[in-house]
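**Q** Right, I'll just put the structure down here and ask away after.
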Amino acid sequence: MRHSLTLTRALCLMAGLLLVPQPALALKLLTEENPPLNYTEGKKVAGMATEVVREMGKRAKLNLDFEVMAWNKAYEKAQADKETCLYSTARLPNRENAFKWVGPIAANKWGLFALGGFKQEIKSLNDAKPFRVGGVARDAKTEFLKQWGVTNIFEVEDDKLNPGKLTLNRKEAQKIDLWITSVASAKMVAERAKVPGVKLVYLVREEESYLACSPRTSADTLKALAAALDGMKKDGTYAKIIQAYESR
């Protein structure tokens, strides 16, 4: 009788453990080419934010599946697909309810760039309003400009298309006068597009970047990721990753 009770208790305990919600075993990570935060190096996804996210997944015991694609497409998939997150994402007010957020995982400076011969002074976003500005569709930087009344924006799917559209001739059709992009990646993106000598004409702002997860991502997965990031910040791992990229 005693053996039977012990067996029953053991079975009940096992059943109870099975009912406890567990984090998903796998998580899809969507990102874009946006160095130094996230970019492809050979066939591998690299970057400051990528290293942070990889370590978060390791500590949360999640198998991470990375995929690089155009930001607009990634943005839509991250909202619709289950167990899917998008990075590096600015946490803007109009996005707050579209995702579940974990972070911040990095910081990103935004700037307006122009060709070397650009002579006009840009001291505020009001000064940028008369100019044609190139940006990426649904990108936080583009959305931020719109919120501040900069509406003469030409949107593309990939930031690498913008440097080649820069011109000093304001009458030249289908071209842009200014380009909104990440300060840390502008030089690299421009050089890859074979457009040397672009210059920063106005520092727009510094924005923290997050992991933006689909509302269909389990609460336990989100908690595990948040706990992992918190641990990284407490033990110095996070700061070590950030400092390694900032010192390059």
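Starting from 1 in every chain, residues are counted up; chains themselves are A, B, ... following the order of the structure tokens, and ligands are numbered from 1 as listed.
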Find the spatial neighbours of region 25-30 of chain A, counting only C-alpha atoms, within a cut-off of 12 Å - ignore same-chain residues fewer than 6 positions away - and output them as JSON, numbers by chain.

**A** {"A": [38, 39, 45, 49, 50, 53, 54, 56, 57, 58, 60, 61, 62, 63, 64, 65, 66, 67, 68, 69, 70, 71, 72, 73, 74, 75, 76, 77, 78, 79, 81, 82, 83, 84, 85, 86, 87, 88, 89, 211, 212, 213, 214, 216, 217, 218, 220, 221, 222, 224, 225]}

**Q** Give me, as a ChimeraX atom specification, all polymer residues having an atom no more than 6 Å from region 148-153 of chain A, counting only C-alpha atoms and skipping those fewer than 6 positions away in the same chain.

**A** /A:129,132-134

**Q** For the residues in the current selection, export N, CA, C and O atoms as a PDB file, in the first residue's frame.

**A**
```pdb
ATOM      1  N   LYS A 129      14.034  70.045 -43.539  1.00  0.00           N
ATOM      2  CA  LYS A 129      12.725  69.899 -44.188  1.00  0.00           C
ATOM      3  C   LYS A 129      12.704  70.251 -45.681  1.00  0.00           C
ATOM      4  O   LYS A 129      11.988  69.593 -46.447  1.00  0.00           O
ATOM      5  N   ARG A 132      15.492  66.697 -49.879  1.00  0.00           N
ATOM      6  CA  ARG A 132      15.044  65.332 -50.130  1.00  0.00           C
ATOM      7  C   ARG A 132      15.925  64.390 -49.306  1.00  0.00           C
ATOM      8  O   ARG A 132      17.145  64.426 -49.425  1.00  0.00           O
ATOM      9  N   VAL A 133      15.284  63.574 -48.485  1.00  0.00           N
ATOM     10  CA  VAL A 133      16.021  62.707 -47.569  1.00  0.00           C
ATOM     11  C   VAL A 133      15.788  61.241 -47.937  1.00  0.00           C
ATOM     12  O   VAL A 133      14.654  60.806 -48.112  1.00  0.00           O
ATOM     13  N   GLY A 134      16.865  60.485 -48.038  1.00  0.00           N
ATOM     14  CA  GLY A 134      16.764  59.056 -48.307  1.00  0.00           C
ATOM     15  C   GLY A 134      16.736  58.264 -47.019  1.00  0.00           C
ATOM     16  O   GLY A 134      17.546  58.498 -46.114  1.00  0.00           O
TER      17      GLY A 134
END
```

**Q** Calculate how many Å separate CA of Glu206 (chain A) from CA of Asn126 (chain A), rounding to one decimal.

**A** 18.2 Å

**Q** Return as JSON, numbers by chain the full set of residues in region 76-178 of chain A whose backbone-based DSSP assignment is strand (DSSP E).

**A** {"A": [84, 85, 86, 87, 88, 89, 90, 100, 101, 102, 103, 104, 105, 106, 107, 108, 109, 110, 111, 112, 113, 114, 133, 134, 135, 136, 153, 154, 155, 156, 178]}

**Q** Using only C-alpha atoms, which of the listed residues (A:Ala186, A:Ile241, A:Leu125, A:Ala137) sits closest to Phe154 (chain A)?

**A**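 That would be A:Ala137, the residue with the smallest distance to Phe154 (chain A).
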